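Peer 1: Contents of target37.txt (compact mmCIF, C-alpha atoms and all ligand atoms) are below:
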```
# COMPACT_ATOMS: atom_id res chain seq x y z
CA MET D 14 28.12 -4.89 -9.45
CA GLY D 15 26.69 -2.87 -6.55
CA TYR D 16 23.35 -3.63 -4.97
CA ARG D 17 20.40 -1.29 -5.38
CA THR D 18 19.39 0.55 -2.22
CA TYR D 19 16.16 2.41 -1.68
CA THR D 20 15.59 5.93 -0.44
CA CYS D 21 12.61 7.40 1.36
CA PRO D 22 11.99 11.08 2.13
CA THR D 23 10.60 10.32 5.58
CA ALA D 24 12.77 7.41 6.76
CA ARG D 25 15.31 9.53 8.63
CA SER D 26 12.85 10.91 11.17
CA CYS D 27 10.41 8.01 11.12
CA GLY D 28 12.82 5.27 12.11
CA GLY D 29 10.36 2.57 11.01
CA CYS D 30 12.68 1.17 8.33
CA GLU D 31 15.84 0.92 10.39
CA TRP D 32 17.64 -1.25 7.79
CA LEU D 33 16.86 0.93 4.77
CA GLN D 34 20.54 1.76 4.21
CA VAL D 35 21.37 -1.94 4.00
CA PRO D 36 21.05 -3.45 0.49
CA TYR D 37 18.09 -5.84 0.40
CA PRO D 38 20.07 -9.05 -0.34
CA ILE D 39 22.28 -8.26 2.65
CA GLN D 40 19.21 -7.68 4.83
CA LEU D 41 18.01 -11.17 3.93
CA LYS D 42 21.42 -12.66 4.72
CA ARG D 43 21.41 -10.91 8.10
CA LYS D 44 17.97 -12.24 8.93
CA GLN D 45 18.99 -15.75 7.90
CA ALA D 46 22.17 -15.58 10.00
CA GLY D 47 20.18 -14.33 13.00
CA LEU D 48 17.78 -17.25 12.69
CA ASP D 49 20.61 -19.79 12.30
CA GLU D 50 22.03 -18.51 15.57
CA LEU D 51 18.73 -18.39 17.47
CA TYR D 52 17.60 -21.86 16.35
CA ALA D 53 21.11 -23.38 16.68
CA PRO D 54 20.05 -25.76 19.51
CA PHE D 55 17.46 -27.37 17.20
CA LEU D 56 19.73 -27.31 14.15
CA GLU D 57 22.57 -28.95 16.07
CA ALA D 58 20.32 -31.56 17.68
CA THR D 59 18.81 -32.66 14.36
CA PRO D 60 21.21 -34.04 11.73
CA GLY D 61 20.34 -32.81 8.25
CA LEU D 62 18.07 -29.99 9.49
CA ALA D 63 18.76 -26.54 8.04
CA PHE D 64 16.68 -23.36 7.91
CA SER D 65 15.18 -23.10 4.40
CA PRO D 66 16.40 -20.01 2.51
CA ILE D 67 14.36 -17.01 3.63
CA LEU D 68 11.74 -16.00 1.05
CA GLY D 69 12.24 -12.32 0.22
CA MET D 70 10.23 -9.96 -2.00
CA ASP D 71 11.12 -9.34 -5.65
CA GLU D 72 10.41 -5.63 -5.24
CA PRO D 73 10.52 -4.80 -1.51
CA ILE D 74 8.53 -1.55 -1.59
CA HIS D 75 4.91 -0.47 -1.12
CA TYR D 76 4.15 -3.76 0.62
CA ARG D 77 2.15 -2.44 3.57
CA HIS D 78 -1.50 -2.30 2.63
CA LYS D 79 -2.50 -0.87 6.00
CA ALA D 80 -1.37 2.50 7.36
CA ALA D 81 -2.33 4.72 10.27
CA THR D 82 -1.90 8.25 11.51
CA PRO D 83 -2.32 9.86 14.90
CA PHE D 84 -3.89 13.34 15.02
CA ALA D 85 -3.02 16.23 17.31
CA PRO D 86 -4.13 19.86 17.51
CA ALA D 87 -1.80 22.47 15.98
CA PRO D 88 -1.95 26.30 16.14
CA HIS D 89 -4.63 28.20 14.16
CA GLY D 90 -7.11 25.33 14.14
CA ARG D 91 -4.80 23.08 12.15
CA ILE D 92 -4.49 19.33 12.70
CA ARG D 93 -1.19 17.52 12.69
CA SER D 94 -1.02 14.10 11.04
CA GLY D 95 1.76 11.77 9.90
CA PHE D 96 3.73 9.49 12.19
CA TYR D 97 5.43 9.67 15.55
CA ALA D 98 9.09 10.63 15.26
CA LYS D 99 11.24 7.74 16.46
CA GLY D 100 10.88 7.15 20.18
CA THR D 101 8.56 10.17 20.77
CA HIS D 102 4.93 11.21 20.48
CA ARG D 103 5.89 14.18 18.30
CA ILE D 104 3.92 13.96 15.04
CA MET D 105 5.96 14.51 11.88
CA SER D 106 4.11 15.13 8.67
CA CYS D 107 4.56 12.48 6.01
CA SER D 108 3.99 13.09 2.32
CA GLU D 109 5.01 9.64 1.17
CA CYS D 110 6.32 6.39 2.58
CA LEU D 111 8.41 3.88 0.66
CA VAL D 112 6.82 0.79 2.17
CA GLU D 113 3.15 1.79 2.25
CA ASP D 114 0.66 1.21 -0.52
CA PRO D 115 0.76 4.67 -2.21
CA ARG D 116 -3.03 4.95 -1.93
CA CYS D 117 -2.84 5.12 1.89
CA ARG D 118 -1.09 8.39 2.85
CA PRO D 119 -3.13 10.86 0.77
CA ILE D 120 -6.32 9.43 2.29
CA LEU D 121 -5.00 9.84 5.85
CA THR D 122 -3.93 13.41 5.10
CA SER D 123 -7.35 14.20 3.61
CA VAL D 124 -8.98 13.18 6.90
CA ALA D 125 -6.94 15.87 8.70
CA ARG D 126 -7.73 18.54 6.09
CA THR D 127 -11.45 17.72 6.07
CA ALA D 128 -11.63 17.72 9.87
CA GLU D 129 -9.92 21.15 9.93
CA HIS D 130 -12.47 22.45 7.45
CA MET D 131 -15.35 21.13 9.57
CA ARG D 132 -13.72 22.43 12.77
CA ILE D 133 -13.57 18.99 14.35
CA ALA D 134 -11.00 19.08 17.15
CA ALA D 135 -8.08 16.67 17.15
CA TYR D 136 -7.41 14.72 20.34
CA ASN D 137 -4.93 16.17 22.79
CA GLU D 138 -3.40 13.15 24.48
CA ASP D 139 -2.01 15.08 27.48
CA ARG D 140 -5.34 16.68 28.36
CA GLY D 141 -7.63 13.97 27.05
CA SER D 142 -9.58 16.69 25.17
CA GLY D 143 -10.66 16.85 21.52
CA ILE D 144 -12.30 14.07 19.54
CA LEU D 145 -10.41 12.83 16.48
CA ARG D 146 -7.63 10.48 17.63
CA HIS D 147 -6.43 8.34 14.73
CA ALA D 148 -7.27 7.18 11.23
CA VAL D 149 -6.39 3.76 9.88
CA VAL D 150 -6.66 2.86 6.22
CA ARG D 151 -6.60 -0.60 4.67
CA CYS D 152 -6.41 -1.05 0.89
CA ALA D 153 -7.24 -4.36 -0.71
CA TRP D 154 -4.26 -6.02 -2.35
CA LYS D 155 -6.37 -7.68 -5.04
CA GLY D 156 -8.92 -5.06 -6.03
CA ASP D 157 -9.83 -1.46 -5.43
CA GLU D 158 -11.72 -1.55 -2.15
CA VAL D 159 -10.50 0.72 0.66
CA LEU D 160 -11.58 0.68 4.32
CA LEU D 161 -11.07 3.83 6.37
CA THR D 162 -11.45 3.66 10.16
CA LEU D 163 -11.70 6.87 12.17
CA VAL D 164 -10.97 6.61 15.87
CA ALA D 165 -12.88 8.99 18.13
CA ASN D 166 -12.67 10.02 21.75
CA GLY D 167 -16.47 9.95 21.94
CA GLU D 168 -19.53 8.11 20.74
CA GLN D 169 -19.93 10.24 17.66
CA LEU D 170 -18.18 12.90 15.59
CA PRO D 171 -19.55 16.45 15.41
CA HIS D 172 -21.58 17.02 12.18
CA GLU D 173 -20.89 13.38 11.48
CA ARG D 174 -23.02 13.03 8.34
CA ALA D 175 -21.72 16.22 6.69
CA PHE D 176 -18.14 15.35 7.61
CA ILE D 177 -18.34 11.88 6.05
CA GLU D 178 -20.04 13.24 2.90
CA ARG D 179 -17.29 15.80 2.44
CA LEU D 180 -14.56 13.27 3.22
CA ILE D 181 -15.91 10.84 0.62
CA ASP D 182 -15.95 13.67 -1.94
CA PHE D 183 -12.25 14.24 -1.29
CA THR D 184 -11.29 10.56 -1.10
CA PRO D 185 -13.30 8.81 -3.83
CA ASP D 186 -11.14 5.66 -3.45
CA VAL D 187 -12.59 4.98 0.00
CA THR D 188 -15.36 2.41 -0.32
CA THR D 189 -16.34 2.14 3.35
CA VAL D 190 -15.83 4.16 6.55
CA ALA D 191 -16.06 2.91 10.13
CA LEU D 192 -16.00 4.81 13.42
CA ASN D 193 -14.15 3.22 16.30
CA ILE D 194 -14.74 4.56 19.80
CA ASN D 195 -11.73 4.79 22.08
CA MET D 196 -12.26 6.97 25.17
CA LYS D 197 -9.40 5.57 27.23
CA LYS D 198 -6.03 7.19 27.95
CA THR D 199 -4.03 4.53 26.17
CA ASN D 200 -1.47 4.10 23.39
CA ALA D 201 -3.63 1.38 21.81
CA ILE D 202 -5.14 2.81 18.63
CA LEU D 203 -8.48 1.01 18.67
CA GLY D 204 -11.11 0.98 21.37
CA PRO D 205 -13.72 -1.71 22.04
CA ARG D 206 -16.61 -0.61 19.79
CA THR D 207 -16.94 0.10 16.07
CA ARG D 208 -19.86 1.15 13.88
CA THR D 209 -20.14 1.64 10.14
CA LEU D 210 -20.60 5.20 8.87
CA PHE D 211 -20.51 4.58 5.13
CA GLY D 212 -20.63 1.53 2.86
CA SER D 213 -20.73 -2.10 3.95
CA GLY D 214 -18.20 -1.91 6.82
CA THR D 215 -15.86 -4.45 5.23
CA ILE D 216 -13.62 -4.81 2.18
CA HIS D 217 -12.59 -7.96 0.29
CA ASP D 218 -9.17 -9.33 -0.48
CA GLU D 219 -7.93 -12.57 -2.00
CA LEU D 220 -5.32 -15.04 -0.83
CA LEU D 221 -4.44 -18.30 -2.61
CA GLY D 222 -7.67 -18.35 -4.60
CA CYS D 223 -9.94 -17.65 -1.60
CA ARG D 224 -11.86 -14.45 -0.98
CA PHE D 225 -11.93 -12.77 2.41
CA ARG D 226 -13.97 -10.06 4.08
CA ILE D 227 -11.84 -7.80 6.26
CA GLY D 228 -13.25 -5.59 8.99
CA PRO D 229 -11.88 -2.62 10.94
CA ALA D 230 -11.27 -4.47 14.21
CA SER D 231 -9.81 -7.75 12.92
CA PHE D 232 -6.22 -8.72 12.35
CA TYR D 233 -5.26 -9.22 8.72
CA GLN D 234 -1.65 -9.46 7.52
CA THR D 235 -0.31 -6.15 6.20
CA ASN D 236 1.78 -7.75 3.44
CA PRO D 237 -0.55 -10.10 1.52
CA GLU D 238 1.98 -10.92 -1.23
CA GLN D 239 4.30 -12.48 1.34
CA THR D 240 1.36 -13.90 3.30
CA GLU D 241 0.56 -16.16 0.35
CA LYS D 242 4.10 -17.57 0.55
CA LEU D 243 3.78 -18.04 4.31
CA TYR D 244 0.43 -19.82 4.11
CA GLN D 245 1.64 -21.99 1.22
CA ILE D 246 4.44 -23.35 3.44
CA ALA D 247 1.89 -24.26 6.12
CA ILE D 248 -0.50 -25.82 3.57
CA ASP D 249 2.24 -27.87 1.90
CA ALA D 250 3.37 -29.17 5.30
CA ALA D 251 -0.20 -30.15 6.22
CA LEU D 252 -0.97 -31.86 2.92
CA GLU D 253 2.36 -33.33 1.79
CA ASP D 254 1.70 -36.78 3.26
CA ALA D 255 -2.11 -36.81 2.98
CA PRO D 256 -3.18 -39.17 0.19
CA GLU D 257 -6.17 -38.46 -2.05
CA GLY D 258 -9.34 -39.71 -0.40
CA SER D 259 -8.01 -39.23 3.14
CA SER D 260 -9.46 -36.92 5.77
CA MET D 261 -7.87 -34.80 8.46
CA LYS D 262 -8.96 -32.85 11.51
CA VAL D 263 -7.21 -29.50 11.67
CA LEU D 264 -7.04 -26.98 14.50
CA ASP D 265 -6.39 -23.39 13.36
CA ALA D 266 -5.53 -21.61 16.60
CA TYR D 267 -5.32 -17.78 16.75
CA CYS D 268 -7.17 -17.89 13.43
CA GLY D 269 -8.10 -14.22 12.93
CA LEU D 270 -10.43 -14.01 9.91
CA GLY D 271 -10.06 -17.75 9.30
CA THR D 272 -7.61 -17.17 6.45
CA ILE D 273 -5.22 -20.08 7.10
CA GLY D 274 -7.88 -22.68 7.84
CA ILE D 275 -9.98 -21.65 4.82
CA CYS D 276 -7.00 -21.61 2.41
CA LEU D 277 -5.98 -25.02 3.79
CA ALA D 278 -9.47 -26.52 3.42
CA HIS D 279 -9.64 -25.12 -0.13
CA ALA D 280 -6.25 -26.59 -1.09
CA ALA D 281 -7.17 -29.92 0.52
CA GLN D 282 -10.38 -30.04 -1.51
CA GLY D 283 -8.34 -29.52 -4.68
CA LYS D 284 -6.23 -32.54 -3.71
CA GLY D 285 -9.22 -34.73 -2.89
CA VAL D 286 -8.50 -34.56 0.84
CA ALA D 287 -11.35 -33.81 3.27
CA ALA D 288 -10.08 -31.30 5.84
CA GLU D 289 -12.30 -30.56 8.80
CA VAL D 290 -11.11 -27.26 10.30
CA THR D 291 -11.84 -25.83 13.76
CA GLY D 292 -10.66 -22.24 14.14
CA VAL D 293 -10.44 -20.37 17.45
CA GLU D 294 -9.84 -16.67 17.95
CA LYS D 295 -10.69 -14.18 20.71
CA GLY D 296 -11.86 -11.31 18.46
CA ALA D 297 -15.65 -11.33 18.04
CA GLU D 298 -15.67 -9.37 14.77
CA ALA D 299 -12.97 -11.63 13.31
CA ILE D 300 -14.99 -14.76 14.12
CA ARG D 301 -18.22 -13.28 12.74
CA LEU D 302 -16.35 -12.57 9.49
CA ALA D 303 -14.49 -15.92 9.53
CA LYS D 304 -17.89 -17.68 9.42
CA LEU D 305 -18.96 -15.52 6.48
CA ASN D 306 -15.58 -16.12 4.82
CA ALA D 307 -16.11 -19.89 5.10
CA SER D 308 -19.50 -19.69 3.42
CA ASP D 309 -18.33 -17.18 0.77
CA ASN D 310 -15.78 -19.83 -0.24
CA HIS D 311 -18.36 -22.67 -0.08
CA LEU D 312 -16.48 -24.22 2.83
CA GLU D 313 -19.06 -23.77 5.60
CA GLU D 314 -19.33 -27.55 5.95
CA ALA D 315 -15.56 -27.92 6.29
CA CYS D 316 -14.77 -25.02 8.63
CA ARG D 317 -16.22 -24.02 11.99
CA PHE D 318 -15.07 -21.01 13.96
CA VAL D 319 -15.28 -20.35 17.67
CA CYS D 320 -14.85 -17.07 19.54
CA ASP D 321 -12.89 -17.81 22.70
CA ASP D 322 -9.54 -17.52 24.38
CA ALA D 323 -7.38 -20.07 22.56
CA THR D 324 -5.94 -21.56 25.76
CA SER D 325 -9.23 -22.03 27.60
CA TYR D 326 -10.99 -23.38 24.50
CA ILE D 327 -8.40 -25.98 23.59
CA SER D 328 -7.83 -26.98 27.23
CA ALA D 329 -11.53 -27.84 27.39
CA LEU D 330 -11.28 -29.83 24.13
CA ALA D 331 -8.25 -31.71 25.50
CA ARG D 332 -10.12 -32.57 28.73
CA GLN D 333 -12.98 -33.94 26.62
CA GLY D 334 -10.48 -36.19 24.79
CA HIS D 335 -10.65 -34.46 21.38
CA GLN D 336 -7.87 -35.18 18.91
CA PHE D 337 -6.52 -33.34 15.87
CA ASP D 338 -4.29 -34.65 13.07
CA ILE D 339 -2.80 -31.23 12.36
CA VAL D 340 -2.45 -28.25 14.69
CA VAL D 341 -1.74 -24.92 13.01
CA MET D 342 -0.95 -22.14 15.48
CA ASP D 343 -0.22 -18.49 14.77
CA PRO D 344 -0.06 -16.68 18.13
CA PRO D 345 0.70 -12.97 18.68
CA ARG D 346 4.22 -11.78 19.51
CA ALA D 347 4.02 -13.00 23.12
CA GLY D 348 3.77 -16.57 21.82
CA SER D 349 1.54 -19.21 23.32
CA THR D 350 0.96 -20.35 26.90
CA PRO D 351 2.22 -23.47 28.72
CA GLU D 352 -1.39 -24.68 29.14
CA PHE D 353 -2.05 -24.22 25.43
CA LEU D 354 1.05 -26.25 24.56
CA ALA D 355 0.10 -28.98 27.06
CA SER D 356 -3.28 -29.29 25.33
CA VAL D 357 -1.61 -29.46 21.91
CA LEU D 358 0.45 -32.40 23.20
CA ALA D 359 -2.72 -34.05 24.52
CA PHE D 360 -4.26 -33.91 21.00
CA LYS D 361 -1.35 -36.08 19.76
CA PRO D 362 -1.34 -34.41 16.32
CA ARG D 363 0.71 -35.89 13.50
CA LYS D 364 2.12 -32.43 12.89
CA VAL D 365 2.25 -29.07 14.59
CA ILE D 366 2.71 -26.17 12.19
CA TYR D 367 3.79 -23.17 14.23
CA ILE D 368 3.71 -19.77 12.47
CA SER D 369 5.37 -16.98 14.41
CA CYS D 370 6.05 -13.26 14.15
CA ASN D 371 8.51 -13.42 17.03
CA PRO D 372 11.28 -16.05 16.77
CA LYS D 373 12.26 -15.61 20.44
CA THR D 374 8.91 -16.76 21.81
CA GLN D 375 8.70 -19.43 19.12
CA VAL D 376 12.02 -20.94 20.24
CA ARG D 377 10.74 -20.97 23.84
CA ASP D 378 7.50 -22.71 22.83
CA LEU D 379 9.27 -25.19 20.54
CA GLU D 380 11.38 -26.34 23.49
CA THR D 381 8.18 -27.27 25.34
CA LEU D 382 6.81 -29.18 22.34
CA ILE D 383 10.12 -31.02 21.88
CA LYS D 384 10.18 -32.03 25.56
CA GLY D 385 6.64 -33.30 24.98
CA GLY D 386 7.78 -35.75 22.27
CA TYR D 387 7.97 -33.74 19.01
CA ARG D 388 10.91 -33.09 16.71
CA VAL D 389 11.54 -30.20 14.33
CA ALA D 390 11.02 -31.48 10.78
CA SER D 391 11.59 -28.21 8.92
CA LEU D 392 12.14 -24.49 9.53
CA HIS D 393 11.14 -21.73 7.12
CA ALA D 394 11.27 -17.94 7.08
CA VAL D 395 9.40 -15.33 5.07
CA ASP D 396 10.36 -11.66 4.90
CA MET D 397 7.07 -9.91 5.58
CA PHE D 398 8.68 -6.60 6.60
CA PRO D 399 11.61 -5.63 4.35
CA HIS D 400 13.89 -2.87 5.72
CA THR D 401 13.02 -3.80 9.31
CA LYS D 402 14.55 -6.40 11.60
CA HIS D 403 11.31 -8.39 11.77
CA VAL D 404 10.89 -11.82 10.24
CA GLU D 405 8.09 -14.38 10.15
CA THR D 406 8.93 -18.05 10.68
CA VAL D 407 7.21 -21.40 10.26
CA ALA D 408 8.35 -24.44 12.24
CA VAL D 409 6.95 -27.83 11.27
CA LEU D 410 7.08 -30.40 14.06
CA MET D 411 6.36 -34.11 13.86
CA ARG D 412 5.90 -36.72 16.55
CA ALA D 413 9.37 -37.99 17.41
N1 LIG O 1 -3.84 -16.52 11.74
C1 LIG O 1 -4.34 -15.19 11.50
C2 LIG O 1 -4.16 -14.23 12.67
C3 LIG O 1 -2.81 -14.20 13.30
S1 LIG O 1 -2.51 -12.83 14.39
C4 LIG O 1 -3.76 -14.62 10.22
O1 LIG O 1 -2.85 -15.19 9.62
O2 LIG O 1 -4.22 -13.57 9.78
C5 LIG O 1 -2.90 -13.50 15.94
C6 LIG O 1 -4.37 -13.55 16.25
O3 LIG O 1 -4.50 -14.11 17.57
C7 LIG O 1 -5.09 -12.21 16.29
O4 LIG O 1 -6.21 -12.28 15.46
C8 LIG O 1 -5.50 -12.04 17.76
O5 LIG O 1 -6.76 -11.40 17.92
C9 LIG O 1 -5.58 -13.48 18.23
N2 LIG O 1 -5.36 -13.71 19.66
C10 LIG O 1 -4.45 -13.11 20.46
N3 LIG O 1 -4.50 -13.63 21.70
C11 LIG O 1 -5.45 -14.61 21.67
C12 LIG O 1 -5.96 -15.51 22.63
N4 LIG O 1 -5.49 -15.53 23.87
N5 LIG O 1 -6.92 -16.38 22.26
C13 LIG O 1 -7.40 -16.37 20.98
N6 LIG O 1 -6.96 -15.53 20.03
C14 LIG O 1 -6.00 -14.66 20.36
```
Taking this structure as input, can you express it in the form of structure tokens?
Peer 2:
Amino acid sequence: MGYRTYTCPTARSCGGCEWLQVPYPIQLKRKQAGLDELYAPFLEATPGLAFSPILGMDEPIHYRHKAATPFAPAPHGRIRSGFYAKGTHRIMSCSECLVEDPRCRPILTSVARTAEHMRIAAYNEDRGSGILRHAVVRCAWKGDEVLLTLVANGEQLPHERAFIERLIDFTPDVTTVALNINMKKTNAILGPRTRTLFGSGTIHDELLGCRFRIGPASFYQTNPEQTEKLYQIAIDAALEDAPEGSSMKVLDAYCGLGTIGICLAHAAQGKGVAAEVTGVEKGAEAIRLAKLNASDNHLEEACRFVCDDATSYISALARQGHQFDIVVMDPPRAGSTPEFLASVLAFKPRKVIYISCNPKTQVRDLETLIKGGYRVASLHAVDMFPHTKHVETVAVLMRA
């Protein structure tokens, strides 16, 4: 029997789903084989250690609940929107995308049409002229809330009120709109400041029985269905040898909206384990919301969140002699820093649970932790981005 493959009208020019022609079960096998090769030094050094089978999606489509479009001026007052053609800044229009939540694209397109109607100029990136740069939309996975963020090359949009009123008329699914200000010549979508134009400024989503507020400037996983699987691996590793009635101090480093620490504290509570979580993250909005997320889930006593650079914060804790039983770390693609890892070693945690979106930097960082006296206890992978080469991994380390 042949495998099912998926087709997408835009994939050819978009280039985002470079593995779309490969049947999904074969994609998973390829990812697994790539990991076996990359982590071979650890697998060979540890008898009995094998990568757990990668967790794929049952239906690997429409998994991205966040989507974005750049805008550019076109002849006759039109505005181009869609996505950059592979390797260029040429905007191709996009009517639908196989991997996005189907609610996303029509909303992004409506922004362009409404701005044309209101004669709001799209940003010209060569000249630095025009105002409307990007739109980013985030749809809740559990629920109907939708957050739309408009990115402007200025403090405010022309006829801002009228524009938003008209936009909301055309996109009734949108429950809140934010304006982000980005006046720099940069490829980064978001600039440093954001204000709310309509609604509460945040939407809610749910992961593993906890409810989270999500804001325009904070990181939140794009594939929540797979995120639950990823977090569950981390939670199981943290709690598997914690008896009822015990307590544990947990560091949640690079914590974003506090999602991992809060889900962990919630699961611990269900098991009769008292988890005391300290989360650190550099994004101010994310930490403001992480604190609210803790109290929304009645975990404000169990979870505290600090806005700081992860390395400088935990280096200071290490110098003060702080200890943690469990360190959960989820750094960006660049991985962590040598000073961060040295501080982790100084905490002498029972376990380090390292979640990574870039296996190459994870392997580099694991070598440092192993030299510092830890061994790899288990390795797991979750397919967060079907049809792409990307894969998310979890390494669980224990004191050797
Ligand atoms: N654990 C979260 C976020 C992971 S993404 C989740 O699962 O959703 C990585 C996070 O690290 C982002 O929120 C980013 O803002 C943050 N970050 C990146 N560099 C950092 C640094 N040097 N110090 C603290 N946080 C950092």
Peer 1: Looking at all atoms listed in the file, which of D:Ile248, D:Leu68, D:Leu170, D:Leu270 is the one that sits closest to ligand LIG 1 (chain O)?
Peer 2: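 Result for the nearest residue to ligand LIG 1 (chain O): D:Leu270.
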Peer 1: For chain D against ligand LIG 1 (chain O), with a cut-off of 10 Å and counting all atoms listed in the file, what is the closest atom pair and its distance in Å to one decimal for every residue that makes the cut, ordered by chain and number, as a tab-separated table?
Peer 2:
```
residue	atom	partner	partner_atom	distance
D:Ala230	CA	O:LIG1	O5	9.1
D:Ser231	CA	O:LIG1	O4	6.3
D:Phe232	CA	O:LIG1	O4	4.7
D:Tyr233	CA	O:LIG1	O2	4.6
D:Gln234	CA	O:LIG1	O2	5.3
D:Thr235	CA	O:LIG1	O2	9.1
D:Pro237	CA	O:LIG1	O2	9.7
D:Thr240	CA	O:LIG1	O1	7.7
D:Glu241	CA	O:LIG1	O1	9.9
D:Leu243	CA	O:LIG1	O1	9.0
D:Tyr244	CA	O:LIG1	O1	7.9
D:Asp265	CA	O:LIG1	N1	7.5
D:Ala266	CA	O:LIG1	C13	7.1
D:Tyr267	CA	O:LIG1	O3	3.8
D:Cys268	CA	O:LIG1	N1	4.0
D:Gly269	CA	O:LIG1	O4	3.7
D:Leu270	CA	O:LIG1	O2	6.2
D:Gly271	CA	O:LIG1	C1	6.6
D:Thr272	CA	O:LIG1	C4	6.0
D:Ile273	CA	O:LIG1	O1	6.0
D:Gly274	CA	O:LIG1	N1	8.3
D:Gly292	CA	O:LIG1	N1	9.2
D:Val293	CA	O:LIG1	C13	6.1
D:Glu294	CA	O:LIG1	N6	3.7
D:Lys295	CA	O:LIG1	C13	4.0
D:Gly296	CA	O:LIG1	O5	5.1
D:Ala297	CA	O:LIG1	O5	8.9
D:Glu298	CA	O:LIG1	O5	9.7
D:Ala299	CA	O:LIG1	O4	7.1
D:Ile300	CA	O:LIG1	O4	9.2
D:Val319	CA	O:LIG1	C13	9.4
D:Cys320	CA	O:LIG1	C13	7.6
D:Asp321	CA	O:LIG1	C13	5.9
D:Asp322	CA	O:LIG1	N5	3.6
D:Ala323	CA	O:LIG1	N5	3.7
D:Thr324	CA	O:LIG1	N5	6.3
D:Ser325	CA	O:LIG1	N5	8.1
D:Tyr326	CA	O:LIG1	N5	8.4
D:Ile327	CA	O:LIG1	N5	9.8
D:Val341	CA	O:LIG1	N1	8.8
D:Met342	CA	O:LIG1	N1	7.3
D:Asp343	CA	O:LIG1	N1	5.1
D:Pro344	CA	O:LIG1	C5	4.8
D:Pro345	CA	O:LIG1	C5	4.6
D:Arg346	CA	O:LIG1	C5	8.1
D:Ala347	CA	O:LIG1	N3	8.7
D:Gly348	CA	O:LIG1	N3	8.8
D:Ser349	CA	O:LIG1	N4	8.0
D:Thr350	CA	O:LIG1	N4	8.6
D:Phe353	CA	O:LIG1	N4	9.5
D:Ile368	CA	O:LIG1	N1	8.3
D:Ser369	CA	O:LIG1	C3	8.7
D:Cys370	CA	O:LIG1	S1	8.6
```
Peer 1: By how many Å are CA of Cys152 in chain D and CA of His78 in chain D apart?
Peer 2: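 These two atoms are separated by 5.4 Å.
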Peer 1: Using only C-alpha atoms, which of the listed residues (D:Trp154, D:Tyr52, D:Tyr367, D:Phe360) sits closest to Arg224 in chain D?
Peer 2: D:Trp154
Peer 1: When you draw a straight line from CA of Tyr16 in chain D to CA of Lys44 in chain D, how long is it in Å?
Peer 2: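 Distance reported for this atom pair: 17.2 Å.
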Peer 1: Figure out the distance between CA of Tyr136 in chain D and CA of Met105 in chain D, please, to one decimal in Å.
Peer 2: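 Here the two named atoms are 15.8 Å from each other.
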Peer 1: Could you work out an axis-aligned bounding box for all listed atoms of range 118-124 of chain D, with 5 Å added on each of the six sides, and give its centre and edge lengths in Å to one decimal, as AutoDock Vina command-line options?
Peer 2:
```
--center_x -5.0 --center_y 11.3 --center_z 3.8 --size_x 17.9 --size_y 15.8 --size_z 16.1
```
Peer 1: Choose the residue, out of D:Phe211, D:Phe318, D:Phe337, D:Phe64, that has the smallest atom-to-atom separation from Ile275 in chain D; count all atoms listed in the file.
Peer 2: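 Answer, going by the shortest atom-to-atom distance: D:Phe318.
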Peer 1: Please determine, counting all atoms listed in the file, which residue among D:His279, D:Arg43, D:Lys79, D:His89 has the shortest atom-to-atom distance to Pro229 in chain D.
Peer 2: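 Using all atoms listed in the file, the shortest distance to Pro229 in chain D belongs to D:Lys79.
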Peer 1: Write out as a PDB file with C-alpha atoms, in the frame of the given file which residues come within 8 Å of Glu109 in chain D when counting all atoms listed in the file, dropping same-chain ones fewer than 3 positions away.
Peer 2:
```pdb
ATOM      1  CA  CYS D  21      12.610   7.400   1.360  1.00  0.00           C
ATOM      2  CA  PRO D  22      11.990  11.080   2.130  1.00  0.00           C
ATOM      3  CA  THR D  23      10.600  10.320   5.580  1.00  0.00           C
ATOM      4  CA  PRO D 115       0.760   4.670  -2.210  1.00  0.00           C
ATOM      5  CA  ARG D 118      -1.090   8.390   2.850  1.00  0.00           C
TER       6      ARG D 118
END
```
Peer 1: Env of Gly386 in chain D: 7 Å cut, atoms = all atoms listed in the file, seq-sep filter 2 positions within chain, self excluded. Answer as a PDB file with C-alpha atoms, in the frame of the given file.
Peer 2:
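The resulting result.pdb:
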```pdb
ATOM      1  CA  LEU D 382       6.810 -29.180  22.340  1.00  0.00           C
ATOM      2  CA  ILE D 383      10.120 -31.020  21.880  1.00  0.00           C
ATOM      3  CA  LYS D 384      10.180 -32.030  25.560  1.00  0.00           C
ATOM      4  CA  ARG D 388      10.910 -33.090  16.710  1.00  0.00           C
ATOM      5  CA  ARG D 412       5.900 -36.720  16.550  1.00  0.00           C
ATOM      6  CA  ALA D 413       9.370 -37.990  17.410  1.00  0.00           C
TER       7      ALA D 413
END
```
Peer 1: Out of D:Ile133, D:Leu51, D:Cys316, D:Ala58, which residue has the shortest atom-to-atom distance to Pro372 in chain D when counting all atoms listed in the file?
Peer 2: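 Closest to Pro372 in chain D, using all atoms listed in the file: D:Leu51.
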Peer 1: For a quick check of understanding, using all atoms listed in the file, which of D:Gly143, D:Gly28, D:Pro60, D:Gly90 has the smallest distance to Cys110 in chain D?
Peer 2: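 Among the listed residues, D:Gly28 lies closest to Cys110 in chain D.
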